[in-house]
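The file input-v4.pdb comes next; it holds PDB, C-alpha atoms.
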ATOM      1  CA  MET A 982    -159.777  20.429 161.201
ATOM      2  CA  SER A 983    -156.093  19.526 161.184
ATOM      3  CA  ALA A 984    -154.612  16.891 158.937
ATOM      4  CA  LYS A 985    -153.066  13.894 160.585
ATOM      5  CA  ILE A 986    -149.407  13.363 159.620
ATOM      6  CA  GLU A 987    -148.035   9.888 159.968
ATOM      7  CA  THR A 988    -144.330   9.426 160.467
ATOM      8  CA  LEU A 989    -142.788   6.599 158.485
ATOM      9  CA  ARG A 990    -140.580   4.474 160.657
ATOM     10  CA  PRO A 991    -137.335   3.406 159.006
ATOM     11  CA  GLN A 992    -137.145  -0.324 158.577
ATOM     12  CA  ARG A 993    -133.984  -2.356 158.945
ATOM     13  CA  PRO A 994    -132.963  -3.526 155.467
ATOM     14  CA  ARG A 995    -133.087  -7.246 154.833
ATOM     15  CA  PRO A 996    -130.019  -8.403 152.869
ATOM     16  CA  GLN A 997    -131.898 -11.351 151.435
ATOM     17  CA  ALA A 998    -134.455  -8.987 149.909
ATOM     18  CA  PHE A 999    -131.853  -7.667 147.467
ATOM     19  CA  GLY A1000    -129.857 -10.811 146.955
ATOM     20  CA  LEU A1001    -126.878  -9.154 148.629
ATOM     21  CA  ALA A1002    -125.107 -12.312 149.733
ATOM     22  CA  ALA A1003    -124.078 -13.077 146.157
ATOM     23  CA  VAL A1004    -123.298  -9.432 145.388
ATOM     24  CA  VAL A1005    -121.059  -9.065 148.450
ATOM     25  CA  ALA A1006    -119.222 -12.290 147.585
ATOM     26  CA  GLU A1007    -118.603 -11.091 144.020
ATOM     27  CA  LEU A1008    -117.367  -7.713 145.259
ATOM     28  CA  ARG A1009    -114.926  -9.451 147.607
ATOM     29  CA  HIS A1010    -113.615 -11.550 144.701
ATOM     30  CA  SER A1011    -113.210  -8.375 142.640
ATOM     31  CA  ARG A1012    -111.324  -6.597 145.447
ATOM     32  CA  ASP A1013    -109.101  -9.502 146.454
ATOM     33  CA  VAL A1014    -108.496 -11.361 143.209
ATOM     34  CA  ALA A1015    -109.882 -10.190 139.887
ATOM     35  CA  HIS A1016    -109.414  -6.426 140.093
ATOM     36  CA  ASN A1017    -107.108  -5.847 143.042
ATOM     37  CA  ILE A1018    -105.768  -2.256 142.969
ATOM     38  CA  ARG A1019    -104.274  -2.241 146.486
ATOM     39  CA  LEU A1020    -100.696  -1.143 146.942
ATOM     40  CA  GLY A1021     -98.658  -4.348 147.024
ATOM     41  CA  GLY A1022    -101.900  -6.291 147.017
ATOM     42  CA  LYS A1023    -102.486  -5.644 150.726
ATOM     43  CA  VAL A1024    -104.997  -3.537 152.639
ATOM     44  CA  THR A1025    -103.589  -0.064 153.370
ATOM     45  CA  GLU A1026    -105.664   2.787 154.724
ATOM     46  CA  ALA A1027    -105.883   5.681 152.286
ATOM     47  CA  PRO A1028    -105.937   9.293 153.487
ATOM     48  CA  SER A1029    -109.414  10.465 154.474
ATOM     49  CA  ALA A1030    -110.687  13.453 152.497
ATOM     50  CA  SER A1031    -113.069  14.407 155.304
ATOM     51  CA  ALA A1032    -110.288  14.308 157.917
ATOM     52  CA  ILE A1033    -108.043  16.400 155.673
ATOM     53  CA  ALA A1034    -110.858  18.907 155.136
ATOM     54  CA  GLU A1035    -111.347  19.207 158.893
ATOM     55  CA  ALA A1036    -107.626  19.732 159.493
ATOM     56  CA  LEU A1037    -107.492  22.254 156.657
ATOM     57  CA  ASP A1038    -110.376  24.247 158.107
ATOM     58  CA  GLY A1039    -108.482  24.567 161.373
ATOM     59  CA  ILE A1040    -105.293  25.706 159.655
ATOM     60  CA  VAL A1041    -107.160  28.296 157.591
ATOM     61  CA  MET A1042    -108.955  29.603 160.697
ATOM     62  CA  SER A1043    -105.565  29.956 162.343
ATOM     63  CA  LEU A1044    -104.312  32.043 159.429
ATOM     64  CA  PHE A1045    -107.289  34.409 159.642
ATOM     65  CA  PRO A1046    -108.750  33.911 163.129
ATOM     66  CA  ILE A1047    -110.648  37.196 163.369
ATOM     67  CA  HIS A1048    -112.428  36.728 160.036
ATOM     68  CA  LEU A1049    -112.851  32.948 159.927
ATOM     69  CA  GLY A1050    -112.531  31.849 163.567
ATOM     70  CA  PRO A1051    -115.195  31.695 166.293
ATOM     71  CA  HIS A1052    -116.943  34.731 167.707
ATOM     72  CA  GLY A1053    -115.624  36.329 170.840
ATOM     73  CA  LEU A1054    -111.912  36.309 170.071
ATOM     74  CA  ASN A1055    -109.975  39.307 171.336
ATOM     75  CA  HIS A1056    -106.372  40.472 171.370
ATOM     76  CA  GLU A1057    -105.607  38.427 174.486
ATOM     77  CA  SER A1058    -107.270  35.180 173.375
ATOM     78  CA  ILE A1059    -106.222  34.992 169.725
ATOM     79  CA  ASP A1060    -102.789  33.453 170.302
ATOM     80  CA  LEU A1061    -104.236  30.782 172.605
ATOM     81  CA  PHE A1062    -106.887  29.942 170.010
ATOM     82  CA  VAL A1063    -104.295  29.760 167.214
ATOM     83  CA  THR A1064    -101.980  27.592 169.319
ATOM     84  CA  ASN A1065    -104.695  25.099 170.275
ATOM     85  CA  THR A1066    -106.254  24.998 166.806
ATOM     86  CA  LEU A1067    -102.959  24.538 164.989
ATOM     87  CA  SER A1068    -101.812  21.868 167.446
ATOM     88  CA  THR A1069    -104.958  19.824 166.853
ATOM     89  CA  SER A1070    -105.195  20.456 163.119
ATOM     90  CA  LEU A1071    -101.544  19.753 162.331
ATOM     91  CA  ALA A1072    -101.657  16.507 164.339
ATOM     92  CA  ARG A1073    -104.704  15.392 162.342
ATOM     93  CA  LEU A1074    -103.002  16.378 159.111
ATOM     94  CA  ALA A1075     -99.861  14.446 160.054
ATOM     95  CA  ASP A1076    -101.918  11.270 160.484
ATOM     96  CA  GLN A1077    -103.301  11.686 156.970
ATOM     97  CA  VAL A1078     -99.892  12.525 155.495
ATOM     98  CA  ALA A1079     -98.568   9.311 157.052
ATOM     99  CA  ARG A1080    -101.291   7.342 155.299
ATOM    100  CA  GLY A1081    -100.482   9.071 152.034
ATOM    101  CA  LEU A1082     -96.769   8.380 152.324
ATOM    102  CA  GLN A1083     -97.446   4.658 152.617
ATOM    103  CA  PHE A1084     -99.153   4.821 149.235
ATOM    104  CA  GLU A1085     -96.414   6.932 147.664
ATOM    105  CA  ARG A1086     -93.508   4.859 148.990
ATOM    106  CA  SER A1087     -94.065   1.122 148.825
ATOM    107  CA  GLY A1088     -92.529  -0.761 151.734
ATOM    108  CA  LEU A1089     -92.535   2.194 154.139
ATOM    109  CA  SER A1090     -93.414   0.987 157.635
ATOM    110  CA  PRO A1091     -96.210   2.743 159.588
ATOM    111  CA  ALA A1092     -93.693   4.013 162.153
ATOM    112  CA  GLU A1093     -91.382   5.444 159.495
ATOM    113  CA  ALA A1094     -94.337   6.961 157.645
ATOM    114  CA  GLN A1095     -95.516   8.674 160.846
ATOM    115  CA  HIS A1096     -92.022  10.007 161.538
ATOM    116  CA  ARG A1097     -91.694  11.436 158.041
ATOM    117  CA  ALA A1098     -95.218  12.835 158.181
ATOM    118  CA  GLU A1099     -94.525  14.710 161.408
ATOM    119  CA  LYS A1100     -91.343  16.145 159.884
ATOM    120  CA  THR A1101     -93.291  17.186 156.770
ATOM    121  CA  VAL A1102     -96.067  18.871 158.745
ATOM    122  CA  HIS A1103     -93.489  20.615 160.919
ATOM    123  CA  GLY A1104     -92.059  22.027 157.695
ATOM    124  CA  LEU A1105     -95.523  23.217 156.688
ATOM    125  CA  ALA A1106     -96.005  24.902 160.066
ATOM    126  CA  ARG A1107     -92.776  26.852 159.614
ATOM    127  CA  GLN A1108     -94.059  28.109 156.265
ATOM    128  CA  LEU A1109     -97.419  29.369 157.540
ATOM    129  CA  PRO A1110     -96.294  32.987 158.188
ATOM    130  CA  PRO A1111     -94.921  33.502 154.631
ATOM    131  CA  ILE A1112     -97.943  31.673 153.206
ATOM    132  CA  ARG A1113    -100.208  34.118 155.030
ATOM    133  CA  ALA A1114     -98.221  37.015 153.569
ATOM    134  CA  LEU A1115     -98.771  35.587 150.074
ATOM    135  CA  LEU A1116    -102.476  35.195 150.752
ATOM    136  CA  VAL A1117    -102.824  38.797 151.879
ATOM    137  CA  SER A1118    -101.177  39.875 148.612
ATOM    138  CA  ASP A1119    -103.763  37.754 146.776
ATOM    139  CA  LEU A1120    -106.631  39.404 148.664
ATOM    140  CA  LYS A1121    -105.279  42.852 147.825
ATOM    141  CA  ALA A1122    -104.972  41.848 144.167
ATOM    142  CA  ALA A1123    -108.656  40.909 144.125
ATOM    143  CA  GLN A1124    -109.564  44.319 145.476
ATOM    144  CA  ARG A1125    -107.450  45.983 142.768
ATOM    145  CA  HIS A1126    -108.962  43.985 139.913
ATOM    146  CA  ASP A1127    -112.600  43.816 141.037
ATOM    147  CA  ALA A1128    -114.363  47.147 141.441
ATOM    148  CA  SER A1129    -117.183  45.443 143.347
ATOM    149  CA  ALA A1130    -114.857  44.291 146.140
ATOM    150  CA  GLU A1131    -115.399  46.755 148.974
ATOM    151  CA  SER A1132    -113.110  45.193 151.584
ATOM    152  CA  LEU A1133    -110.479  42.530 152.067
ATOM    153  CA  ALA A1134    -112.825  40.776 154.481
ATOM    154  CA  GLU A1135    -115.442  40.516 151.731
ATOM    155  CA  VAL A1136    -112.894  39.009 149.348
ATOM    156  CA  LEU A1137    -111.707  36.516 151.962
ATOM    157  CA  ILE A1138    -115.144  35.364 153.070
ATOM    158  CA  CYS A1139    -117.276  35.667 149.939
ATOM    159  CA  TYR A1140    -115.059  34.908 146.936
ATOM    160  CA  PRO A1141    -114.790  31.243 145.889
ATOM    161  CA  SER A1142    -111.456  32.038 144.254
ATOM    162  CA  SER A1143    -110.050  33.013 147.664
ATOM    163  CA  ARG A1144    -110.864  29.551 148.990
ATOM    164  CA  ALA A1145    -109.246  27.928 145.954
ATOM    165  CA  ILE A1146    -106.080  30.025 146.247
ATOM    166  CA  ILE A1147    -105.790  29.413 150.001
ATOM    167  CA  HIS A1148    -106.123  25.685 149.378
ATOM    168  CA  HIS A1149    -103.507  25.881 146.638
ATOM    169  CA  ARG A1150    -100.947  27.772 148.715
ATOM    170  CA  LEU A1151    -101.163  25.092 151.425
ATOM    171  CA  ALA A1152    -101.310  22.191 148.969
ATOM    172  CA  HIS A1153     -98.302  23.509 147.046
ATOM    173  CA  ALA A1154     -96.244  23.694 150.240
ATOM    174  CA  LEU A1155     -97.126  20.082 151.074
ATOM    175  CA  TYR A1156     -96.446  19.020 147.481
ATOM    176  CA  ARG A1157     -92.940  20.474 147.610
ATOM    177  CA  LEU A1158     -92.378  18.845 151.007
ATOM    178  CA  GLY A1159     -93.177  15.440 149.492
ATOM    179  CA  ALA A1160     -96.766  14.876 150.682
ATOM    180  CA  ARG A1161     -98.127  14.711 147.156
ATOM    181  CA  PHE A1162    -101.105  12.427 147.773
ATOM    182  CA  VAL A1163    -102.535  14.674 150.474
ATOM    183  CA  ALA A1164    -101.768  17.749 148.352
ATOM    184  CA  ARG A1165    -103.820  16.268 145.507
ATOM    185  CA  ILE A1166    -106.713  15.619 147.887
ATOM    186  CA  ILE A1167    -106.616  19.250 149.050
ATOM    187  CA  ALA A1168    -106.754  20.383 145.410
ATOM    188  CA  ALA A1169    -109.700  18.056 144.799
ATOM    189  CA  LEU A1170    -111.535  19.504 147.806
ATOM    190  CA  ALA A1171    -111.057  23.007 146.407
ATOM    191  CA  ARG A1172    -112.284  21.934 142.979
ATOM    192  CA  ALA A1173    -115.379  20.316 144.449
ATOM    193  CA  THR A1174    -116.413  23.485 146.287
ATOM    194  CA  THR A1175    -115.267  26.186 143.839
ATOM    195  CA  GLY A1176    -115.052  24.659 140.365
ATOM    196  CA  ILE A1177    -111.414  25.839 140.194
ATOM    197  CA  ASP A1178    -108.846  23.129 139.440
ATOM    198  CA  ILE A1179    -105.250  24.063 140.333
ATOM    199  CA  HIS A1180    -102.717  21.264 140.427
ATOM    200  CA  PRO A1181    -100.649  21.546 143.635
ATOM    201  CA  GLY A1182     -97.446  21.419 141.590
ATOM    202  CA  ALA A1183     -98.217  24.723 139.834
ATOM    203  CA  ARG A1184     -95.958  27.599 140.886
ATOM    204  CA  ILE A1185     -97.836  30.863 141.441
ATOM    205  CA  GLY A1186     -96.387  34.234 142.393
ATOM    206  CA  ARG A1187     -97.790  36.807 144.781
ATOM    207  CA  GLY A1188    -100.796  38.981 143.992
ATOM    208  CA  PHE A1189    -102.736  36.229 142.176
ATOM    209  CA  PHE A1190    -106.431  36.762 141.422
ATOM    210  CA  ILE A1191    -109.064  34.604 139.745
ATOM    211  CA  SER A1192    -112.146  36.535 138.701
ATOM    212  CA  ARG A1193    -115.379  34.525 139.149
ATOM    213  CA  GLY A1194    -113.351  31.371 138.670
ATOM    214  CA  MET A1195    -115.666  28.566 137.597
ATOM    215  CA  GLY A1196    -113.899  26.280 135.140
ATOM    216  CA  VAL A1197    -110.362  27.596 135.623
ATOM    217  CA  THR A1198    -107.748  24.854 135.172
ATOM    218  CA  VAL A1199    -104.036  25.225 135.936
ATOM    219  CA  GLY A1200    -101.747  22.301 135.155
ATOM    220  CA  GLU A1201     -98.976  20.727 137.202
ATOM    221  CA  THR A1202     -95.942  22.406 135.619
ATOM    222  CA  ALA A1203     -97.530  25.807 134.983
ATOM    223  CA  VAL A1204     -95.596  28.826 136.232
ATOM    224  CA  ILE A1205     -97.525  32.015 137.001
ATOM    225  CA  GLY A1206     -95.702  35.240 137.802
ATOM    226  CA  GLU A1207     -96.698  38.092 140.077
ATOM    227  CA  ASN A1208     -99.907  40.118 139.851
ATOM    228  CA  VAL A1209    -101.569  37.835 137.296
ATOM    229  CA  CYS A1210    -105.344  37.774 136.798
ATOM    230  CA  LEU A1211    -107.249  34.848 135.291
ATOM    231  CA  HIS A1212    -110.953  35.042 134.456
ATOM    232  CA  GLN A1213    -113.506  32.227 134.459
ATOM    233  CA  GLY A1214    -112.994  29.235 132.183
ATOM    234  CA  VAL A1215    -109.272  29.799 131.547
ATOM    235  CA  THR A1216    -107.140  26.719 130.879
ATOM    236  CA  LEU A1217    -103.375  26.609 131.331
ATOM    237  CA  GLY A1218    -102.910  23.128 129.974
ATOM    238  CA  GLU A1219    -100.918  20.706 127.849
ATOM    239  CA  SER A1220    -100.761  21.088 124.107
ATOM    240  CA  GLU A1221    -101.474  17.399 123.587
ATOM    241  CA  ALA A1222    -102.096  14.286 125.601
ATOM    242  CA  GLN A1223     -98.920  12.877 127.103
ATOM    243  CA  PRO A1224     -98.329   9.158 127.634
ATOM    244  CA  PRO A1225     -98.739   8.225 131.309
ATOM    245  CA  ASN A1226     -95.151   7.278 132.056
ATOM    246  CA  ALA A1227     -92.453   8.589 134.343
ATOM    247  CA  SER A1228     -90.523  10.421 131.627
ATOM    248  CA  ALA A1229     -93.657  12.288 130.508
ATOM    249  CA  ARG A1230     -94.352  13.374 134.068
ATOM    250  CA  ARG A1231     -90.943  15.040 134.232
ATOM    251  CA  LEU A1232     -91.644  17.140 131.137
ATOM    252  CA  LEU A1233     -92.463  20.809 131.492
ATOM    253  CA  ARG A1234     -95.832  20.594 129.777
ATOM    254  CA  HIS A1235     -97.694  23.746 130.786
ATOM    255  CA  PRO A1236     -97.377  27.477 130.081
ATOM    256  CA  ILE A1237     -95.322  30.174 131.753
ATOM    257  CA  ILE A1238     -97.354  33.297 132.475
ATOM    258  CA  GLU A1239     -95.107  36.233 133.261
ATOM    259  CA  ASP A1240     -95.882  39.161 135.574
ATOM    260  CA  ARG A1241     -98.947  41.417 135.189
ATOM    261  CA  VAL A1242    -100.702  39.277 132.579
ATOM    262  CA  ILE A1243    -104.501  39.303 132.294
ATOM    263  CA  VAL A1244    -106.208  36.298 130.696
ATOM    264  CA  HIS A1245    -109.886  36.747 129.883
ATOM    265  CA  GLY A1246    -112.674  34.177 130.070
ATOM    266  CA  GLY A1247    -112.555  30.951 128.111
ATOM    267  CA  ALA A1248    -108.980  31.350 126.854
ATOM    268  CA  SER A1249    -106.890  28.201 126.445
ATOM    269  CA  ILE A1250    -103.102  28.585 126.676
ATOM    270  CA  LEU A1251    -101.505  25.251 125.902
ATOM    271  CA  GLY A1252     -98.024  23.766 126.001
ATOM    272  CA  ARG A1253     -94.714  25.039 127.335
ATOM    273  CA  ILE A1254     -95.034  28.518 125.882
ATOM    274  CA  THR A1255     -94.411  31.907 127.457
ATOM    275  CA  ILE A1256     -96.868  34.768 127.732
ATOM    276  CA  GLY A1257     -94.724  37.861 128.099
ATOM    277  CA  ALA A1258     -95.115  40.290 130.963
ATOM    278  CA  GLY A1259     -97.934  42.814 130.784
ATOM    279  CA  SER A1260     -99.825  40.980 128.022
ATOM    280  CA  ILE A1261    -103.591  40.747 127.677
ATOM    281  CA  ILE A1262    -105.103  37.536 126.285
ATOM    282  CA  GLY A1263    -108.643  37.980 125.003
ATOM    283  CA  GLY A1264    -111.635  35.788 125.694
ATOM    284  CA  ASN A1265    -111.903  32.375 124.001
ATOM    285  CA  VAL A1266    -108.420  32.620 122.478
ATOM    286  CA  TRP A1267    -106.711  29.308 121.664
ATOM    287  CA  LEU A1268    -102.977  29.948 122.029
ATOM    288  CA  THR A1269    -100.142  27.486 121.404
ATOM    289  CA  ARG A1270     -97.216  29.824 120.710
ATOM    290  CA  SER A1271     -95.282  32.282 122.845
ATOM    291  CA  VAL A1272     -96.005  36.001 122.686
ATOM    292  CA  PRO A1273     -93.656  38.834 123.741
ATOM    293  CA  PRO A1274     -94.280  41.222 126.632
ATOM    294  CA  GLY A1275     -96.901  43.864 126.103
ATOM    295  CA  SER A1276     -98.928  41.795 123.624
ATOM    296  CA  ALA A1277    -102.674  41.885 123.082
ATOM    297  CA  VAL A1278    -104.067  38.669 121.592
ATOM    298  CA  THR A1279    -107.676  38.698 120.399
ATOM    299  CA  HIS A1280    -110.030  35.993 119.272
ATOM    300  CA  THR A1281    -111.360  37.751 116.168
ATOM    301  CA  ASP A1282    -108.305  37.503 113.941
ATOM    302  CA  HIS A1283    -105.809  35.614 116.134
ATOM    303  CA  THR A1284    -103.292  38.394 115.625
ATOM    304  CA  VAL A1285    -100.839  39.689 118.196
ATOM    305  CA  SER A1286    -100.564  43.443 118.609
ATOM    306  CA  THR A1287     -98.393  45.430 120.999
ATOM    307  CA  ILE A1288     -99.811  47.401 123.892
ATOM    308  CA  GLN A1289     -98.099  50.771 123.793
ATOM    309  CA  SER A1290     -97.272  51.622 127.383
ATOM    310  CA  LEU A1291     -93.809  52.515 128.594
ATOM    311  CA  ASP A1292     -93.244  49.656 131.025
ATOM    312  CA  ARG A1293     -94.579  47.070 128.572
ATOM    313  CA  VAL A1294     -92.500  48.382 125.689
ATOM    314  CA  ARG A1295     -89.394  48.149 127.860
ATOM    315  CA  GLY A1296     -90.310  44.579 128.724
ATOM    316  CA  ALA A1297     -90.856  43.719 125.056
ATOM    317  CA  ALA A1298     -87.421  45.058 124.169
ATOM    318  CA  ALA A1299     -85.803  42.781 126.741
ATOM    319  CA  TRP A1300     -87.845  39.713 125.846
ATOM    320  CA  SER A1301     -86.076  37.076 123.818
ATOM    321  CA  GLY A1302     -88.447  34.123 123.826
ATOM    322  CA  ARG A1303     -86.201  32.612 126.481
ATOM    323  CA  VAL A1304     -88.481  29.742 127.464
ATOM    324  CA  LYS A1305     -90.003  27.420 124.904
TER     325      LYS A1305
END
If you took the structure in this file and wrote it as structure tokens, what would it be?
Amino acid sequence: MSAKIETLRPQRPRPQAFGLAAVVAELRHSRDVAHNIRLGGKVTEAPSASAIAEALDGIVMSLFPIHLGPHGLNHESIDLFVTNTLSTSLARLADQVARGLQFERSGLSPAEAQHRAEKTVHGLARQLPPIRALLVSDLKAAQRHDASAESLAEVLICYPSSRAIIHHRLAHALYRLGARFVARIIAALARATTGIDIHPGARIGRGFFISRGMGVTVGETAVIGENVCLHQGVTLGESEAQPPNASARRLLRHPIIEDRVIVHGGASILGRITIGAGSIIGGNVWLTRSVPPGSAVTHTDHTVSTIQSLDRVRGAAAWSGRVK
């Protein structure tokens, strides 16, 4: 005997059942009068996160078409796929950049915003080859640092940190080209899917790797050198809360991490301090002062010791605490 399954038919909601007429009227008053947060008080379309995500997916597929693109691509068809995908994706991105520019620059007309957006996205397109080169260096760094990584394809497809770094490389290029609103949205998309929060203003050298990655935070004015490895839960942040004004935003508030530094899980490195080249920062360390190259900082006694290897000792001799 089989059980009878009844399908519930969706019913059209009745506004009067929830008293929505009054609620909708109050929301309109909040939007238009009491709590109006619109730019210049007028309705302006904001960039769409979903449209940006779709455009971003196309750009990333174009960077790595064999690994991330559709099945069936071959040597003859790859360039056609990349051309068509980039053409569509960059056009979509330009529309969103235009929306963002109207929020960033009050009084900018839609036509002028579209013109500037197309120029900005053209600049991004020209940077895609060097961005891809940076990303390949990041994939190779992951394979060097993580013994479980058996191939570059595995790192690219399976590692959440790869997605976050790819997003950052593209967002940083847009940020420097002036499309800061869209760059922030790209960073937010990466954070939502990976748990890794990298401000698009952060400057990061080649060969960057984030191990595991959940909870990593990198602030706007952070500078990260080449071949740096961060583990999960690392914060490169401000030493104290800054007042939200224009002068504070121009301050260099975040750390400088020099080349070949490894920062272990849960460490917090705060303020405009410098971590010298070749240093190792232990897990859960709270650090608010600069350390010279070749240092090892541990959580147990908060002391700084020197790592005795030839290249690090040479770096320590040349270090002069040049950035505070």
Contacts of region 1129-1140 of chain A at 8 Å (all atoms listed in the file; same-chain gap of 5+ positions) as a PyMOL selection string = chain A and resi 1048-1049+1120-1121+1123-1124+1193
Would you write out, as a VMD selection string, every residue that the PyMOL selection byres ((chain A and resi 1189) around 9) captures in this file?
-> chain A and resid 1115 to 1116 1118 to 1120 1122 to 1123 1146 1185 to 1188 1190 to 1191 1205 to 1211
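Shortest atom-to-atom contact with Ile1238 (chain A) among A:Thr1269, A:Thr1255, A:Thr1216, A:Gln1108: A:Thr1255, counting only C-alpha atoms.
Counting all atoms listed in the file, region 1150-1167 of chain A has the following residues at most 6 Å away, ignoring those fewer than 2 positions along the same chain: Gly1081, Ile1147, His1148, Ala1169, Leu1170, Pro1181 and Gly1182 of chain A.
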Closest of A:Ala1248, A:Ala1032, A:Ile1254, A:Ile1177 to Ala1203 (chain A) - atom-to-atom distances counting all atoms listed in the file = A:Ile1254
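Our summary of the geometry notes that CA of Gly1214 (chain A) is positioned 11.3 Å from CA of Ile1250 (chain A).
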Exactly which residues make up the result of the PyMOL selection byres ((chain A and resi 1266) around 9) on this file, given as an NGL selection string?
-> :A and (1245-1250 or 1262-1265 or 1267-1268 or 1278-1281 or 1283)
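For the pair CA of Arg1107 (chain A) and CA of Leu1071 (chain A), the interatomic distance is 11.6 Å.
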For the file shown, report as number ranges by chain the outcome of the PyMOL selection byres ((chain A and resi 1100) around 12) at residue level.
-> A: 1071-1072, 1074-1076, 1078-1079, 1093-1099, 1101-1107, 1155, 1158-1160
Keeping only C-alpha atoms, write those residues as an mmCIF file, keeping the file's coordinate frame.
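Done, and the output landed in selection-v1.cif:
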data_model
loop_
_atom_site.group_PDB
_atom_site.id
_atom_site.type_symbol
_atom_site.label_atom_id
_atom_site.label_comp_id
_atom_site.auth_asym_id
_atom_site.auth_seq_id
_atom_site.Cartn_x
_atom_site.Cartn_y
_atom_site.Cartn_z
ATOM 1 C CA LEU A 1071 -101.544 19.753 162.331
ATOM 2 C CA ALA A 1072 -101.657 16.507 164.339
ATOM 3 C CA LEU A 1074 -103.002 16.378 159.111
ATOM 4 C CA ALA A 1075 -99.861 14.446 160.054
ATOM 5 C CA ASP A 1076 -101.918 11.270 160.484
ATOM 6 C CA VAL A 1078 -99.892 12.525 155.495
ATOM 7 C CA ALA A 1079 -98.568 9.311 157.052
ATOM 8 C CA GLU A 1093 -91.382 5.444 159.495
ATOM 9 C CA ALA A 1094 -94.337 6.961 157.645
ATOM 10 C CA GLN A 1095 -95.516 8.674 160.846
ATOM 11 C CA HIS A 1096 -92.022 10.007 161.538
ATOM 12 C CA ARG A 1097 -91.694 11.436 158.041
ATOM 13 C CA ALA A 1098 -95.218 12.835 158.181
ATOM 14 C CA GLU A 1099 -94.525 14.710 161.408
ATOM 15 C CA THR A 1101 -93.291 17.186 156.770
ATOM 16 C CA VAL A 1102 -96.067 18.871 158.745
ATOM 17 C CA HIS A 1103 -93.489 20.615 160.919
ATOM 18 C CA GLY A 1104 -92.059 22.027 157.695
ATOM 19 C CA LEU A 1105 -95.523 23.217 156.688
ATOM 20 C CA ALA A 1106 -96.005 24.902 160.066
ATOM 21 C CA ARG A 1107 -92.776 26.852 159.614
ATOM 22 C CA LEU A 1155 -97.126 20.082 151.074
ATOM 23 C CA LEU A 1158 -92.378 18.845 151.007
ATOM 24 C CA GLY A 1159 -93.177 15.440 149.492
ATOM 25 C CA ALA A 1160 -96.766 14.876 150.682
#
Which is closer to Val1041 (chain A) than all the others in A:Asn1055, A:Ser1260, A:Ser1220, A:Thr1066, using only C-alpha atoms?
-> A:Thr1066
From the set A:Val1242, A:Ala1034, A:Leu1251, A:Ala1002, which residue has the shortest atom-to-atom contact distance to Ala1277 (chain A), counting all atoms listed in the file?
-> A:Val1242
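Between CA of Asp1038 (chain A) and CA of Pro1051 (chain A) there is a distance of 12.1 Å.
Proximity of A:Ala1258, A:Ile1040, A:Pro1274, A:Pro1110 to Asp1240 (chain A), computed with only C-alpha atoms, is greatest for A:Ala1258.
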Copy region 1132-1144 of chain A out of the block into a file, keeping N, CA and C atoms, as a compact mmCIF listing (two decimals), in the first residue's frame.
# COMPACT_ATOMS: atom_id res chain seq x y z
N SER A 1132 49.14 19.14 -7.10
CA SER A 1132 49.22 19.76 -8.43
C SER A 1132 48.73 21.19 -8.35
N LEU A 1133 49.15 21.99 -9.33
CA LEU A 1133 48.66 23.36 -9.41
C LEU A 1133 47.17 23.40 -9.69
N ALA A 1134 46.69 22.43 -10.47
CA ALA A 1134 45.25 22.37 -10.75
C ALA A 1134 44.46 22.17 -9.47
N GLU A 1135 44.96 21.31 -8.58
CA GLU A 1135 44.28 21.08 -7.30
C GLU A 1135 44.23 22.36 -6.48
N VAL A 1136 45.34 23.09 -6.44
CA VAL A 1136 45.37 24.35 -5.69
C VAL A 1136 44.38 25.34 -6.27
N LEU A 1137 44.35 25.45 -7.59
CA LEU A 1137 43.47 26.41 -8.25
C LEU A 1137 42.00 26.10 -8.01
N ILE A 1138 41.64 24.83 -8.12
CA ILE A 1138 40.23 24.45 -8.08
C ILE A 1138 39.72 24.22 -6.66
N CYS A 1139 40.55 23.69 -5.79
CA CYS A 1139 40.08 23.21 -4.49
C CYS A 1139 40.35 24.14 -3.31
N TYR A 1140 41.31 25.04 -3.44
CA TYR A 1140 41.71 25.84 -2.28
C TYR A 1140 40.89 27.13 -2.19
N PRO A 1141 40.16 27.35 -1.11
CA PRO A 1141 39.44 28.62 -0.96
C PRO A 1141 40.35 29.84 -1.03
N SER A 1142 41.57 29.69 -0.54
CA SER A 1142 42.50 30.83 -0.56
C SER A 1142 42.83 31.24 -1.99
N SER A 1143 42.83 30.29 -2.92
CA SER A 1143 43.08 30.65 -4.33
C SER A 1143 41.98 31.57 -4.84
N ARG A 1144 40.74 31.23 -4.52
CA ARG A 1144 39.63 32.10 -4.93
C ARG A 1144 39.77 33.50 -4.33
